[in-house]
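Trainee: The following block contains the structure, expressed as structure tokens.
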Amino acid sequence: MNNTGAQAGTVREVDVVVVGAGQAGLSSAYHLRRTGFEPERDFVVLDHAPRAGGAWQFRWPSLTYGKVHGMHSLPGMELTEADPARPSSEVIAEYFDTYERTFDLRVRRPVDVKAVREGEAGRLLVETSDGTWSTRALINATGTWDRPFWPRFPGQETFRGRQLHTAQYPGPEEFAGQRVVVVGGGASGTQHLLEIAPYAAGTTWVTRRPPVFREGPFTEDVGREVVALVEERVRQGLPPKSVVSVTGLPLNDAIRRGIEDGVLDRQPMFDRITPDGVEWDDGRRVAADVILWATGFRAAIDHLAPLRLREPGGGIRVEGTRAVADPRIHLVGYGPSASTIGANRAGRAAVRDIRRLLAVAPGTASTAAPDVTSTAAANATSATAQTAASKVVPVG
């Protein structure tokens, strides 16, 4: 839903601003709505993307829904009957769009949040491309897609070929007949290699650390261990690590074939980039036409800088979803809640904490309001049946 156009110079007041409308933001908005907060009156959802779908809408076409691992339904509306051959960017964007309309979340887009500052009387000022909002609490659900991480190496500026990041990956066909160096040991790097290899003249895989492949199922016990490790980092104010750095890469059939075929033959990180490729200190060289940086993303939280929430370690110290330095700020989809199921749970937890926070002062959203999502949830099945978003199925 496009709903922008504030009068210049006006400051609008709400109890809660949600920044971002991906899985974390929509989950948070759902729980706000469900517990009596009215959209546009008590809370507002701001999203900088041009349409519904969060970061999924920007995924490369060859990432079909069948290749997506661990995609969980949003709260209150299941994903059903997906065509695994369809691009995940289409399937999930359609599902999110239907979800927003079913629960009347009234997402405002495209709206860029430029800065969050201290306001008057204990309120926060959220400065955006569509004017300024004054709020008593903020749920930050901006994810990482907007902050691709580009490592720096000597000679990088001299490379005569093409350099691109996972965020710009166009699909494998564009690399036909080219020599490609893929940098990065995560899930994206291995997926890119397996896709590109049949088209490219040659591929080379380099990573900073040897990849760790994980045998066996990802059980609940393993999941709890992973969350605990990530949680400990954010408690210490350190930047969250990637999930793969904790879990390892799942050793599925595609990965096994890639290892057997020599596509996933990992090389240590090169030491410099030359005009024609990359080279190591021991004298080895690899010629390349393309360097594909599958080096991950960082949390998109620069707009929070005026609040000085970062710790000396570089991250924001978080307990649950609450920023320790400022209880008005909740980070959902950050650190341990970065997975889709984690974002759902974190959205509920953030709303619970915010309700307690707002209850200590007048002007909060009415706690006596009816469960406005109950009717919407009852109609969700028929609503999804009328759109292509009904073709989605939960995975994991």
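Identifiers in the structure tokens: chain A, B, ... in order shown; residue index from 1 per chain; ligand index from 1 in order shown.
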Residues within 12 Å of Ala287 in chain A, please, as a PDB file with N, CA and C atoms, in the first residue's frame. Count only C-alpha atoms; anything in the same chain fewer than 3 positions from it doesn't count.
Mentor:
ATOM      1  N   PHE A 159      41.690  -3.905 -10.933  1.00  0.00           N
ATOM      2  CA  PHE A 159      41.101  -5.047 -11.638  1.00  0.00           C
ATOM      3  C   PHE A 159      40.318  -4.570 -12.855  1.00  0.00           C
ATOM      4  N   ARG A 160      40.625  -5.167 -13.998  1.00  0.00           N
ATOM      5  CA  ARG A 160      39.994  -4.729 -15.249  1.00  0.00           C
ATOM      6  C   ARG A 160      38.678  -5.451 -15.544  1.00  0.00           C
ATOM      7  N   GLY A 161      38.415  -6.503 -14.771  1.00  0.00           N
ATOM      8  CA  GLY A 161      37.174  -7.229 -14.975  1.00  0.00           C
ATOM      9  C   GLY A 161      36.029  -6.612 -14.194  1.00  0.00           C
ATOM     10  N   GLN A 178      32.986 -17.087 -18.929  1.00  0.00           N
ATOM     11  CA  GLN A 178      33.888 -16.241 -18.152  1.00  0.00           C
ATOM     12  C   GLN A 178      34.566 -17.023 -17.036  1.00  0.00           C
ATOM     13  N   ARG A 179      35.707 -16.498 -16.612  1.00  0.00           N
ATOM     14  CA  ARG A 179      36.450 -17.080 -15.491  1.00  0.00           C
ATOM     15  C   ARG A 179      36.038 -16.316 -14.232  1.00  0.00           C
ATOM     16  N   VAL A 180      35.453 -17.042 -13.275  1.00  0.00           N
ATOM     17  CA  VAL A 180      34.814 -16.394 -12.134  1.00  0.00           C
ATOM     18  C   VAL A 180      35.482 -16.835 -10.834  1.00  0.00           C
ATOM     19  N   VAL A 181      35.865 -15.860 -10.024  1.00  0.00           N
ATOM     20  CA  VAL A 181      36.332 -16.119  -8.659  1.00  0.00           C
ATOM     21  C   VAL A 181      35.192 -15.770  -7.707  1.00  0.00           C
ATOM     22  N   ALA A 201      33.618 -20.490 -17.945  1.00  0.00           N
ATOM     23  CA  ALA A 201      34.821 -21.129 -18.477  1.00  0.00           C
ATOM     24  C   ALA A 201      35.616 -21.768 -17.351  1.00  0.00           C
ATOM     25  N   GLY A 202      35.477 -21.248 -16.146  1.00  0.00           N
ATOM     26  CA  GLY A 202      36.142 -21.813 -14.984  1.00  0.00           C
ATOM     27  C   GLY A 202      35.735 -21.066 -13.734  1.00  0.00           C
ATOM     28  N   THR A 203      35.740 -21.756 -12.604  1.00  0.00           N
ATOM     29  CA  THR A 203      35.416 -21.115 -11.330  1.00  0.00           C
ATOM     30  C   THR A 203      36.507 -21.415 -10.308  1.00  0.00           C
ATOM     31  N   THR A 204      36.712 -20.467  -9.406  1.00  0.00           N
ATOM     32  CA  THR A 204      37.636 -20.639  -8.280  1.00  0.00           C
ATOM     33  C   THR A 204      36.920 -20.179  -7.027  1.00  0.00           C
ATOM     34  N   ILE A 273      44.755  -8.425  -5.431  1.00  0.00           N
ATOM     35  CA  ILE A 273      44.058  -8.465  -6.710  1.00  0.00           C
ATOM     36  C   ILE A 273      44.941  -7.777  -7.742  1.00  0.00           C
ATOM     37  N   THR A 274      45.037  -8.387  -8.906  1.00  0.00           N
ATOM     38  CA  THR A 274      45.824  -7.819  -9.996  1.00  0.00           C
ATOM     39  C   THR A 274      44.880  -7.347 -11.098  1.00  0.00           C
ATOM     40  N   PRO A 275      45.375  -6.639 -12.089  1.00  0.00           N
ATOM     41  CA  PRO A 275      44.486  -6.225 -13.192  1.00  0.00           C
ATOM     42  C   PRO A 275      43.794  -7.391 -13.888  1.00  0.00           C
ATOM     43  N   ASP A 276      44.432  -8.575 -13.854  1.00  0.00           N
ATOM     44  CA  ASP A 276      43.896  -9.716 -14.604  1.00  0.00           C
ATOM     45  C   ASP A 276      43.357 -10.841 -13.739  1.00  0.00           C
ATOM     46  N   GLY A 277      43.382 -10.679 -12.415  1.00  0.00           N
ATOM     47  CA  GLY A 277      42.894 -11.753 -11.555  1.00  0.00           C
ATOM     48  C   GLY A 277      43.313 -11.567 -10.112  1.00  0.00           C
ATOM     49  N   VAL A 278      43.688 -12.689  -9.467  1.00  0.00           N
ATOM     50  CA  VAL A 278      44.085 -12.644  -8.067  1.00  0.00           C
ATOM     51  C   VAL A 278      45.377 -13.440  -7.902  1.00  0.00           C
ATOM     52  N   GLU A 279      46.120 -13.143  -6.820  1.00  0.00           N
ATOM     53  CA  GLU A 279      47.344 -13.902  -6.586  1.00  0.00           C
ATOM     54  C   GLU A 279      47.632 -14.023  -5.094  1.00  0.00           C
ATOM     55  N   ARG A 284      51.252 -18.224  -6.525  1.00  0.00           N
ATOM     56  CA  ARG A 284      50.136 -18.735  -7.330  1.00  0.00           C
ATOM     57  C   ARG A 284      49.289 -17.593  -7.850  1.00  0.00           C
ATOM     58  N   VAL A 290      35.709 -12.070 -13.650  1.00  0.00           N
ATOM     59  CA  VAL A 290      34.722 -11.608 -12.674  1.00  0.00           C
ATOM     60  C   VAL A 290      35.164 -12.013 -11.275  1.00  0.00           C
ATOM     61  N   ILE A 291      35.004 -11.106 -10.317  1.00  0.00           N
ATOM     62  CA  ILE A 291      35.115 -11.453  -8.902  1.00  0.00           C
ATOM     63  C   ILE A 291      33.738 -11.229  -8.285  1.00  0.00           C
TER      64      ILE A 291
END
Trainee: Write down as a ChimeraX atom specification the residues of range 172-322 of chain A whose backbone DSSP state falls under alpha helix (DSSP H).
Mentor: /A:187-196,220-235,243-247,253-261
Trainee: Check the smallest atom-to-atom distance from each of A:Arg59, A:Trp133, A:Gly76, A:Tyr99 to Gln168 in chain A using only C-alpha atoms, then report the winner.
Mentor: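 Ranked by minimum distance to Gln168 in chain A, first place goes to A:Arg59.
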Trainee: Please report the interatomic distance between CA of Ala187 in chain A and CA of Ser88 in chain A in Å with one decimal.
Mentor: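 Atom-to-atom, CA of Ala187 in chain A to CA of Ser88 in chain A, that is 15.8 Å.
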Trainee: Hey, what's within 8 Å of Pro110 in chain A if we count only C-alpha atoms and toss same-chain stuff fewer than 2 positions away? As a list in words, please?
Mentor: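 Once the nearby chain positions are removed, what remains is Asn2, Thr4, Leu46, Asp47, His48, Ala49, Pro50, Arg51, Arg108 and Asp112 of chain A.
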Trainee: Per DSSP on the backbone, what are the strand (DSSP E) residues of range 285-326 of chain A, as a count of residues only?
Mentor: 12
Trainee: For CA of Ala85 in chain A and CA of Val107 in chain A, determine how far apart the two atoms are, in Å to one decimal place.
Mentor: 29.0 Å
Trainee: With distances taken over only C-alpha atoms, which of A:Gly143, A:Gly131, A:Gly333, A:Gly320 is nearest to Arg352 in chain A?
Mentor: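 Of A:Gly143, A:Gly131, A:Gly333, A:Gly320, the one nearest Arg352 in chain A, counting only C-alpha atoms, is A:Gly320.
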Trainee: Give me the residues near Gly184 in chain A as JSON, numbers by chain, where near means some atom within 8 Å (using only C-alpha atoms) and where sequence neighbours in that chain fewer than 6 positions away do not count.
Mentor: {"A": [205, 206, 207, 208, 293, 294, 295, 296]}
Trainee: Considering only C-alpha atoms, can you say which of A:Ala305, A:Ala55, A:Leu105, A:Val183 comes closest to Leu264 in chain A?
Mentor: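 Looking only at the distances to Leu264 in chain A, the closest residue turns out to be A:Val183.
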Trainee: Would you please work out which residue, of A:Glu260, A:Asp15, A:Glu195, A:Glu100, is nearest to Glu40 in chain A when using only C-alpha atoms?
Mentor: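 Smallest separation from Glu40 in chain A among the options: A:Asp15.
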